$ cat work-v7.cif   # mmCIF, N, CA and C atoms and all ligand atoms; chains and numbers go by the auth columns
data_run
loop_
_atom_site.group_PDB
_atom_site.id
_atom_site.type_symbol
_atom_site.label_atom_id
_atom_site.label_comp_id
_atom_site.label_asym_id
_atom_site.label_seq_id
_atom_site.Cartn_x
_atom_site.Cartn_y
_atom_site.Cartn_z
_atom_site.B_iso_or_equiv
_atom_site.auth_seq_id
_atom_site.auth_asym_id
ATOM 1 N N MET A 1 10.019 -13.458 9.143 0.00 12 A
ATOM 2 C CA MET A 1 9.959 -12.519 8.022 0.00 12 A
ATOM 3 C C MET A 1 8.700 -11.671 8.116 0.00 12 A
ATOM 4 N N PRO A 2 8.801 -10.487 8.620 0.00 13 A
ATOM 5 C CA PRO A 2 7.617 -9.629 8.817 0.00 13 A
ATOM 6 C C PRO A 2 6.895 -9.296 7.515 0.00 13 A
ATOM 7 N N GLN A 3 7.607 -9.324 6.388 0.00 14 A
ATOM 8 C CA GLN A 3 6.955 -8.989 5.119 0.00 14 A
ATOM 9 C C GLN A 3 5.883 -10.021 4.791 0.00 14 A
ATOM 10 N N LEU A 4 6.183 -11.283 5.043 0.00 15 A
ATOM 11 C CA LEU A 4 5.220 -12.329 4.753 0.00 15 A
ATOM 12 C C LEU A 4 4.015 -12.212 5.670 0.00 15 A
ATOM 13 N N THR A 5 4.260 -11.852 6.900 0.00 16 A
ATOM 14 C CA THR A 5 3.155 -11.674 7.828 0.00 16 A
ATOM 15 C C THR A 5 2.246 -10.547 7.353 0.00 16 A
ATOM 16 N N ALA A 6 2.854 -9.459 6.926 0.00 17 A
ATOM 17 C CA ALA A 6 2.066 -8.315 6.466 0.00 17 A
ATOM 18 C C ALA A 6 1.237 -8.707 5.254 0.00 17 A
ATOM 19 N N ARG A 7 1.809 -9.507 4.398 0.00 18 A
ATOM 20 C CA ARG A 7 1.080 -9.887 3.197 0.00 18 A
ATOM 21 C C ARG A 7 -0.038 -10.860 3.537 0.00 18 A
ATOM 22 N N ALA A 8 0.230 -11.745 4.477 0.00 19 A
ATOM 23 C CA ALA A 8 -0.767 -12.739 4.845 0.00 19 A
ATOM 24 C C ALA A 8 -1.991 -12.070 5.471 0.00 19 A
ATOM 25 N N THR A 9 -1.756 -11.075 6.280 0.00 20 A
ATOM 26 C CA THR A 9 -2.889 -10.395 6.902 0.00 20 A
ATOM 27 C C THR A 9 -3.545 -9.493 5.872 0.00 20 A
ATOM 28 N N GLY A 10 -2.731 -8.784 5.115 0.00 21 A
ATOM 29 C CA GLY A 10 -3.112 -8.093 3.874 0.00 21 A
ATOM 30 C C GLY A 10 -4.409 -7.309 3.786 0.00 21 A
ATOM 31 N N ARG A 11 -5.125 -7.130 4.850 0.00 22 A
ATOM 32 C CA ARG A 11 -6.423 -6.466 4.708 0.00 22 A
ATOM 33 C C ARG A 11 -6.384 -5.046 5.214 0.00 22 A
ATOM 34 N N ASP A 12 -5.253 -4.623 5.682 0.00 23 A
ATOM 35 C CA ASP A 12 -5.188 -3.251 6.157 0.00 23 A
ATOM 36 C C ASP A 12 -5.447 -2.296 5.001 0.00 23 A
ATOM 37 N N LEU A 13 -6.131 -1.240 5.312 0.00 24 A
ATOM 38 C CA LEU A 13 -6.431 -0.261 4.281 0.00 24 A
ATOM 39 C C LEU A 13 -5.308 0.770 4.229 0.00 24 A
ATOM 40 N N LEU A 14 -4.928 1.094 3.020 0.00 25 A
ATOM 41 C CA LEU A 14 -3.925 2.129 2.818 0.00 25 A
ATOM 42 C C LEU A 14 -4.562 3.298 2.081 0.00 25 A
ATOM 43 N N ARG A 15 -4.016 4.470 2.305 0.00 26 A
ATOM 44 C CA ARG A 15 -4.480 5.643 1.573 0.00 26 A
ATOM 45 C C ARG A 15 -3.288 6.300 0.914 0.00 26 A
ATOM 46 N N CYS A 16 -3.492 6.682 -0.327 0.00 27 A
ATOM 47 C CA CYS A 16 -2.437 7.349 -1.068 0.00 27 A
ATOM 48 C C CYS A 16 -2.382 8.817 -0.666 0.00 27 A
ATOM 49 N N ARG A 17 -1.212 9.270 -0.334 0.00 28 A
ATOM 50 C CA ARG A 17 -1.063 10.675 0.047 0.00 28 A
ATOM 51 C C ARG A 17 -1.149 11.591 -1.165 0.00 28 A
ATOM 52 N N ARG A 18 -0.895 11.034 -2.311 0.00 29 A
ATOM 53 C CA ARG A 18 -0.835 11.872 -3.508 0.00 29 A
ATOM 54 C C ARG A 18 -2.201 12.027 -4.165 0.00 29 A
ATOM 55 N N CYS A 19 -2.889 10.896 -4.420 0.00 30 A
ATOM 56 C CA CYS A 19 -4.166 10.982 -5.144 0.00 30 A
ATOM 57 C C CYS A 19 -5.361 10.738 -4.233 0.00 30 A
ATOM 58 N N GLY A 20 -5.141 10.296 -3.015 0.00 31 A
ATOM 59 C CA GLY A 20 -6.233 10.147 -2.068 0.00 31 A
ATOM 60 C C GLY A 20 -6.986 8.837 -2.186 0.00 31 A
ATOM 61 N N ALA A 21 -6.579 7.949 -3.086 0.00 32 A
ATOM 62 C CA ALA A 21 -7.247 6.663 -3.237 0.00 32 A
ATOM 63 C C ALA A 21 -7.034 5.807 -1.997 0.00 32 A
ATOM 64 N N GLU A 22 -8.044 4.987 -1.712 0.00 33 A
ATOM 65 C CA GLU A 22 -7.914 4.029 -0.619 0.00 33 A
ATOM 66 C C GLU A 22 -8.033 2.633 -1.196 0.00 33 A
ATOM 67 N N PHE A 23 -7.232 1.723 -0.683 0.00 34 A
ATOM 68 C CA PHE A 23 -7.198 0.377 -1.244 0.00 34 A
ATOM 69 C C PHE A 23 -6.622 -0.563 -0.216 0.00 34 A
ATOM 70 N N PRO A 24 -6.964 -1.854 -0.302 0.00 35 A
ATOM 71 C CA PRO A 24 -6.380 -2.831 0.612 0.00 35 A
ATOM 72 C C PRO A 24 -4.884 -2.954 0.379 0.00 35 A
ATOM 73 N N GLU A 25 -4.191 -3.221 1.444 0.00 36 A
ATOM 74 C CA GLU A 25 -2.740 -3.348 1.365 0.00 36 A
ATOM 75 C C GLU A 25 -2.311 -4.311 0.262 0.00 36 A
ATOM 76 N N GLY A 26 -3.068 -5.406 0.096 0.00 37 A
ATOM 77 C CA GLY A 26 -2.696 -6.407 -0.890 0.00 37 A
ATOM 78 C C GLY A 26 -2.702 -5.896 -2.329 0.00 37 A
ATOM 79 N N GLN A 27 -3.442 -4.813 -2.566 0.00 38 A
ATOM 80 C CA GLN A 27 -3.473 -4.259 -3.921 0.00 38 A
ATOM 81 C C GLN A 27 -2.281 -3.372 -4.196 0.00 38 A
ATOM 82 N N ALA A 28 -1.599 -2.986 -3.162 0.00 39 A
ATOM 83 C CA ALA A 28 -0.516 -2.026 -3.323 0.00 39 A
ATOM 84 C C ALA A 28 0.855 -2.688 -3.407 0.00 39 A
ATOM 85 N N THR A 29 0.882 -3.996 -3.243 0.00 40 A
ATOM 86 C CA THR A 29 2.172 -4.673 -3.287 0.00 40 A
ATOM 87 C C THR A 29 2.028 -6.060 -3.886 0.00 40 A
ATOM 88 N N GLU A 30 3.046 -6.484 -4.544 0.00 41 A
ATOM 89 C CA GLU A 30 3.037 -7.848 -5.071 0.00 41 A
ATOM 90 C C GLU A 30 3.951 -8.752 -4.275 0.00 41 A
ATOM 91 N N ASP A 31 4.946 -8.157 -3.652 0.00 42 A
ATOM 92 C CA ASP A 31 5.926 -8.981 -2.938 0.00 42 A
ATOM 93 C C ASP A 31 5.919 -8.711 -1.442 0.00 42 A
ATOM 94 N N GLY A 32 5.027 -7.851 -0.981 0.00 43 A
ATOM 95 C CA GLY A 32 4.959 -7.574 0.440 0.00 43 A
ATOM 96 C C GLY A 32 6.087 -6.687 0.938 0.00 43 A
ATOM 97 N N TRP A 33 6.821 -6.123 0.021 0.00 44 A
ATOM 98 C CA TRP A 33 7.979 -5.332 0.401 0.00 44 A
ATOM 99 C C TRP A 33 7.936 -3.965 -0.262 0.00 44 A
ATOM 100 N N HIS A 34 7.711 -3.968 -1.555 0.00 45 A
ATOM 101 C CA HIS A 34 7.625 -2.714 -2.289 0.00 45 A
ATOM 102 C C HIS A 34 6.156 -2.334 -2.467 0.00 45 A
ATOM 103 N N TYR A 35 5.813 -1.179 -1.980 0.00 46 A
ATOM 104 C CA TYR A 35 4.430 -0.723 -2.072 0.00 46 A
ATOM 105 C C TYR A 35 4.327 0.440 -3.040 0.00 46 A
ATOM 106 N N SER A 36 3.241 0.427 -3.817 0.00 47 A
ATOM 107 C CA SER A 36 2.985 1.582 -4.666 0.00 47 A
ATOM 108 C C SER A 36 1.484 1.712 -4.876 0.00 47 A
ATOM 109 N N CYS A 37 1.052 2.915 -5.185 0.00 48 A
ATOM 110 C CA CYS A 37 -0.368 3.179 -5.416 0.00 48 A
ATOM 111 C C CYS A 37 -0.848 2.399 -6.636 0.00 48 A
ATOM 112 N N PRO A 38 -1.977 1.702 -6.537 0.00 49 A
ATOM 113 C CA PRO A 38 -2.482 0.920 -7.671 0.00 49 A
ATOM 114 C C PRO A 38 -3.128 1.773 -8.761 0.00 49 A
ATOM 115 N N GLU A 39 -3.350 3.033 -8.496 0.00 50 A
ATOM 116 C CA GLU A 39 -3.924 3.889 -9.538 0.00 50 A
ATOM 117 C C GLU A 39 -2.930 4.041 -10.681 0.00 50 A
ATOM 118 N N GLU A 40 -3.422 3.857 -11.894 0.00 51 A
ATOM 119 C CA GLU A 40 -2.518 3.823 -13.036 0.00 51 A
ATOM 120 C C GLU A 40 -1.702 5.089 -13.222 0.00 51 A
ATOM 121 N N GLU A 41 -2.328 6.218 -12.960 0.00 52 A
ATOM 122 C CA GLU A 41 -1.639 7.474 -13.255 0.00 52 A
ATOM 123 C C GLU A 41 -0.925 8.040 -12.047 0.00 52 A
ATOM 124 N N CYS A 42 -0.845 7.259 -11.010 0.00 53 A
ATOM 125 C CA CYS A 42 -0.226 7.746 -9.786 0.00 53 A
ATOM 126 C C CYS A 42 1.052 6.973 -9.536 0.00 53 A
ATOM 127 N N GLU A 43 2.078 7.687 -9.128 0.00 54 A
ATOM 128 C CA GLU A 43 3.369 7.040 -8.936 0.00 54 A
ATOM 129 C C GLU A 43 3.821 7.064 -7.485 0.00 54 A
ATOM 130 N N ALA A 44 2.891 7.277 -6.591 0.00 55 A
ATOM 131 C CA ALA A 44 3.251 7.291 -5.179 0.00 55 A
ATOM 132 C C ALA A 44 3.719 5.905 -4.745 0.00 55 A
ATOM 133 N N THR A 45 4.784 5.871 -3.986 0.00 56 A
ATOM 134 C CA THR A 45 5.311 4.594 -3.519 0.00 56 A
ATOM 135 C C THR A 45 5.753 4.706 -2.066 0.00 56 A
ATOM 136 N N GLY A 46 5.758 3.574 -1.397 0.00 57 A
ATOM 137 C CA GLY A 46 6.343 3.499 -0.064 0.00 57 A
ATOM 138 C C GLY A 46 5.371 3.835 1.044 0.00 57 A
ATOM 139 N N ILE A 47 5.315 2.969 2.050 0.00 58 A
ATOM 140 C CA ILE A 47 4.478 3.240 3.221 0.00 58 A
ATOM 141 C C ILE A 47 5.151 4.327 4.037 0.00 58 A
ATOM 142 N N GLY A 48 4.366 5.339 4.392 0.00 59 A
ATOM 143 C CA GLY A 48 4.920 6.442 5.167 0.00 59 A
ATOM 144 C C GLY A 48 5.458 7.549 4.284 0.00 59 A
ATOM 145 N N GLU A 49 5.622 7.247 3.000 0.00 60 A
ATOM 146 C CA GLU A 49 6.083 8.272 2.061 0.00 60 A
ATOM 147 C C GLU A 49 4.930 8.613 1.122 0.00 60 A
ATOM 148 N N GLY A 50 4.635 7.702 0.189 0.00 61 A
ATOM 149 C CA GLY A 50 3.533 7.956 -0.728 0.00 61 A
ATOM 150 C C GLY A 50 2.203 7.453 -0.189 0.00 61 A
ATOM 151 N N LEU A 51 2.271 6.432 0.639 0.00 62 A
ATOM 152 C CA LEU A 51 1.058 5.809 1.153 0.00 62 A
ATOM 153 C C LEU A 51 1.079 5.830 2.666 0.00 62 A
ATOM 154 N N LYS A 52 -0.106 5.795 3.258 0.00 63 A
ATOM 155 C CA LYS A 52 -0.152 5.657 4.709 0.00 63 A
ATOM 156 C C LYS A 52 -1.270 4.699 5.081 0.00 63 A
ATOM 157 N N ARG A 53 -1.126 4.111 6.246 0.00 64 A
ATOM 158 C CA ARG A 53 -2.145 3.190 6.720 0.00 64 A
ATOM 159 C C ARG A 53 -3.323 3.962 7.264 0.00 64 A
ATOM 160 N N VAL A 54 -4.532 3.446 6.982 0.00 65 A
ATOM 161 C CA VAL A 54 -5.748 4.044 7.511 0.00 65 A
ATOM 162 C C VAL A 54 -6.113 3.287 8.774 0.00 65 A
ATOM 163 N N ASP A 55 -6.238 3.998 9.857 0.00 66 A
ATOM 164 C CA ASP A 55 -6.556 3.340 11.121 0.00 66 A
ATOM 165 C C ASP A 55 -8.043 3.051 11.215 0.00 66 A
HETATM 166 ZN ZN ZN B . -2.106 7.406 -5.674 0.00 101 A
#
$ encode --input "work-v7.cif" --output "C-alpha cells"
Amino acid sequence: MPQLTARATGRDLLRCRRCGAEFPEGQATEDGWHYSCPEEECEATGIGEGLKRVD
C-alpha cells in the first residue's frame, strides 16, 4: 500500500500552488490519500493539482 508508505515517511515538503504555503506532507493529509492545503482559507487539493512536492 503506497499510501501508507507515503504517510510513514511523511516529511516531504509540499507547496500550495494557490496560496504558496509550504508545509510537511503530513499536515496536508489525514489518511495519506486525500491531500489538501492546511491553510484555513485555501481550498487547494490534490498532489500535482493544488499542491506540488518541493524538491
Ligand atoms: Zn493553499
$ residues_around --input "work-v7.cif" --residues "Glu50 of chain A" --least-positions-apart "6" --cutoff "8 Å" --atoms "only N, CA and C atoms" --output "list in words"
Ala32, Gln38 and Ala39 of chain A
$ residues_near_ligand --input "work-v7.cif" --ligand "ligand ZN 101 (chain A)" --cutoff "7 Å" --atoms "only C-alpha atoms and all ligand atoms" --output "number ranges by chain"
A: 27-32, 48-50, 53-55
$ axis_aligned_box --input "work-v7.cif" --around "segment 33-49 of chain A" --padding-each-side "4 Å" --output "JSON"
{"center_x": 0.0, "center_y": -2.0, "center_z": -3.7, "size_x": 24.0, "size_y": 22.0, "size_z": 18.2}
$ residues_around --input "work-v7.cif" --residues "Tyr46 of chain A" --least-positions-apart "3" --cutoff "7 Å" --atoms "only N, CA and C atoms" --output "PDB file with N, CA and C atoms, keeping the file's coordinate frame"
ATOM      1  N   ALA A  39      -1.599  -2.986  -3.162  1.00  0.00           N
ATOM      2  CA  ALA A  39      -0.516  -2.026  -3.323  1.00  0.00           C
ATOM      3  C   ALA A  39       0.855  -2.688  -3.407  1.00  0.00           C
ATOM      4  N   THR A  40       0.882  -3.996  -3.243  1.00  0.00           N
ATOM      5  CA  THR A  40       2.172  -4.673  -3.287  1.00  0.00           C
ATOM      6  C   THR A  40       2.028  -6.060  -3.886  1.00  0.00           C
ATOM      7  N   GLU A  41       3.046  -6.484  -4.544  1.00  0.00           N
ATOM      8  CA  GLU A  41       3.037  -7.848  -5.071  1.00  0.00           C
ATOM      9  C   GLU A  41       3.951  -8.752  -4.275  1.00  0.00           C
ATOM     10  N   GLY A  43       5.027  -7.851  -0.981  1.00  0.00           N
ATOM     11  CA  GLY A  43       4.959  -7.574   0.440  1.00  0.00           C
ATOM     12  C   GLY A  43       6.087  -6.687   0.938  1.00  0.00           C
ATOM     13  N   ALA A  55       2.891   7.277  -6.591  1.00  0.00           N
ATOM     14  CA  ALA A  55       3.251   7.291  -5.179  1.00  0.00           C
ATOM     15  C   ALA A  55       3.719   5.905  -4.745  1.00  0.00           C
ATOM     16  N   THR A  56       4.784   5.871  -3.986  1.00  0.00           N
ATOM     17  CA  THR A  56       5.311   4.594  -3.519  1.00  0.00           C
ATOM     18  C   THR A  56       5.753   4.706  -2.066  1.00  0.00           C
ATOM     19  N   GLY A  57       5.758   3.574  -1.397  1.00  0.00           N
ATOM     20  CA  GLY A  57       6.343   3.499  -0.064  1.00  0.00           C
ATOM     21  C   GLY A  57       5.371   3.835   1.044  1.00  0.00           C
ATOM     22  N   ILE A  58       5.315   2.969   2.050  1.00  0.00           N
ATOM     23  CA  ILE A  58       4.478   3.240   3.221  1.00  0.00           C
ATOM     24  C   ILE A  58       5.151   4.327   4.037  1.00  0.00           C
TER      25      ILE A  58
END
$ closest_residue --input "work-v7.cif" --among "A:Asp66, A:Gly59, A:Arg22, A:Glu51" --to "Phe34 of chain A" --atoms "all atoms listed in the file"
A:Arg22
$ atom_distance --input "work-v7.cif" --atom1 "atom N of Asp23 of chain A" --atom2 "atom CA of Leu62 of chain A"
13.0 Å
$ select_by_dssp --input "work-v7.cif" --residues "segment 21-55 of chain A" --states "strand (DSSP E or B)" --output "number ranges by chain"
A: 24-27, 33-35, 40, 46-47
$ select_by_dssp --input "work-v7.cif" --residues "chain A" --states "alpha helix (DSSP H)" --output "PDB file with N, CA and C atoms, in the coordinates of the input"
ATOM      1  N   PRO A  13       8.801 -10.487   8.620  1.00  0.00           N
ATOM      2  CA  PRO A  13       7.617  -9.629   8.817  1.00  0.00           C
ATOM      3  C   PRO A  13       6.895  -9.296   7.515  1.00  0.00           C
ATOM      4  N   GLN A  14       7.607  -9.324   6.388  1.00  0.00           N
ATOM      5  CA  GLN A  14       6.955  -8.989   5.119  1.00  0.00           C
ATOM      6  C   GLN A  14       5.883 -10.021   4.791  1.00  0.00           C
ATOM      7  N   LEU A  15       6.183 -11.283   5.043  1.00  0.00           N
ATOM      8  CA  LEU A  15       5.220 -12.329   4.753  1.00  0.00           C
ATOM      9  C   LEU A  15       4.015 -12.212   5.670  1.00  0.00           C
ATOM     10  N   THR A  16       4.260 -11.852   6.900  1.00  0.00           N
ATOM     11  CA  THR A  16       3.155 -11.674   7.828  1.00  0.00           C
ATOM     12  C   THR A  16       2.246 -10.547   7.353  1.00  0.00           C
ATOM     13  N   ALA A  17       2.854  -9.459   6.926  1.00  0.00           N
ATOM     14  CA  ALA A  17       2.066  -8.315   6.466  1.00  0.00           C
ATOM     15  C   ALA A  17       1.237  -8.707   5.254  1.00  0.00           C
ATOM     16  N   ARG A  18       1.809  -9.507   4.398  1.00  0.00           N
ATOM     17  CA  ARG A  18       1.080  -9.887   3.197  1.00  0.00           C
ATOM     18  C   ARG A  18      -0.038 -10.860   3.537  1.00  0.00           C
ATOM     19  N   ALA A  19       0.230 -11.745   4.477  1.00  0.00           N
ATOM     20  CA  ALA A  19      -0.767 -12.739   4.845  1.00  0.00           C
ATOM     21  C   ALA A  19      -1.991 -12.070   5.471  1.00  0.00           C
ATOM     22  N   THR A  20      -1.756 -11.075   6.280  1.00  0.00           N
ATOM     23  CA  THR A  20      -2.889 -10.395   6.902  1.00  0.00           C
ATOM     24  C   THR A  20      -3.545  -9.493   5.872  1.00  0.00           C
TER      25      THR A  20
END
$ residues_around --input "work-v7.cif" --residues "Leu25 of chain A" --least-positions-apart "5" --cutoff "6 Å" --atoms "only C-alpha atoms" --output "number ranges by chain"
A: 33-36, 63-65
$ write_last_selection --input "work-v7.cif" --atoms "N, CA and C atoms" --output "PDB file, in the frame of the given file"
ATOM      1  N   GLU A  33      -8.044   4.987  -1.712  1.00  0.00           N
ATOM      2  CA  GLU A  33      -7.914   4.029  -0.619  1.00  0.00           C
ATOM      3  C   GLU A  33      -8.033   2.633  -1.196  1.00  0.00           C
ATOM      4  N   PHE A  34      -7.232   1.723  -0.683  1.00  0.00           N
ATOM      5  CA  PHE A  34      -7.198   0.377  -1.244  1.00  0.00           C
ATOM      6  C   PHE A  34      -6.622  -0.563  -0.216  1.00  0.00           C
ATOM      7  N   PRO A  35      -6.964  -1.854  -0.302  1.00  0.00           N
ATOM      8  CA  PRO A  35      -6.380  -2.831   0.612  1.00  0.00           C
ATOM      9  C   PRO A  35      -4.884  -2.954   0.379  1.00  0.00           C
ATOM     10  N   GLU A  36      -4.191  -3.221   1.444  1.00  0.00           N
ATOM     11  CA  GLU A  36      -2.740  -3.348   1.365  1.00  0.00           C
ATOM     12  C   GLU A  36      -2.311  -4.311   0.262  1.00  0.00           C
ATOM     13  N   LYS A  63      -0.106   5.795   3.258  1.00  0.00           N
ATOM     14  CA  LYS A  63      -0.152   5.657   4.709  1.00  0.00           C
ATOM     15  C   LYS A  63      -1.270   4.699   5.081  1.00  0.00           C
ATOM     16  N   ARG A  64      -1.126   4.111   6.246  1.00  0.00           N
ATOM     17  CA  ARG A  64      -2.145   3.190   6.720  1.00  0.00           C
ATOM     18  C   ARG A  64      -3.323   3.962   7.264  1.00  0.00           C
ATOM     19  N   VAL A  65      -4.532   3.446   6.982  1.00  0.00           N
ATOM     20  CA  VAL A  65      -5.748   4.044   7.511  1.00  0.00           C
ATOM     21  C   VAL A  65      -6.113   3.287   8.774  1.00  0.00           C
TER      22      VAL A  65
END
$ atom_distance --input "work-v7.cif" --atom1 "atom N of Gly37 of chain A" --atom2 "atom N of Glu52 of chain A"
17.5 Å
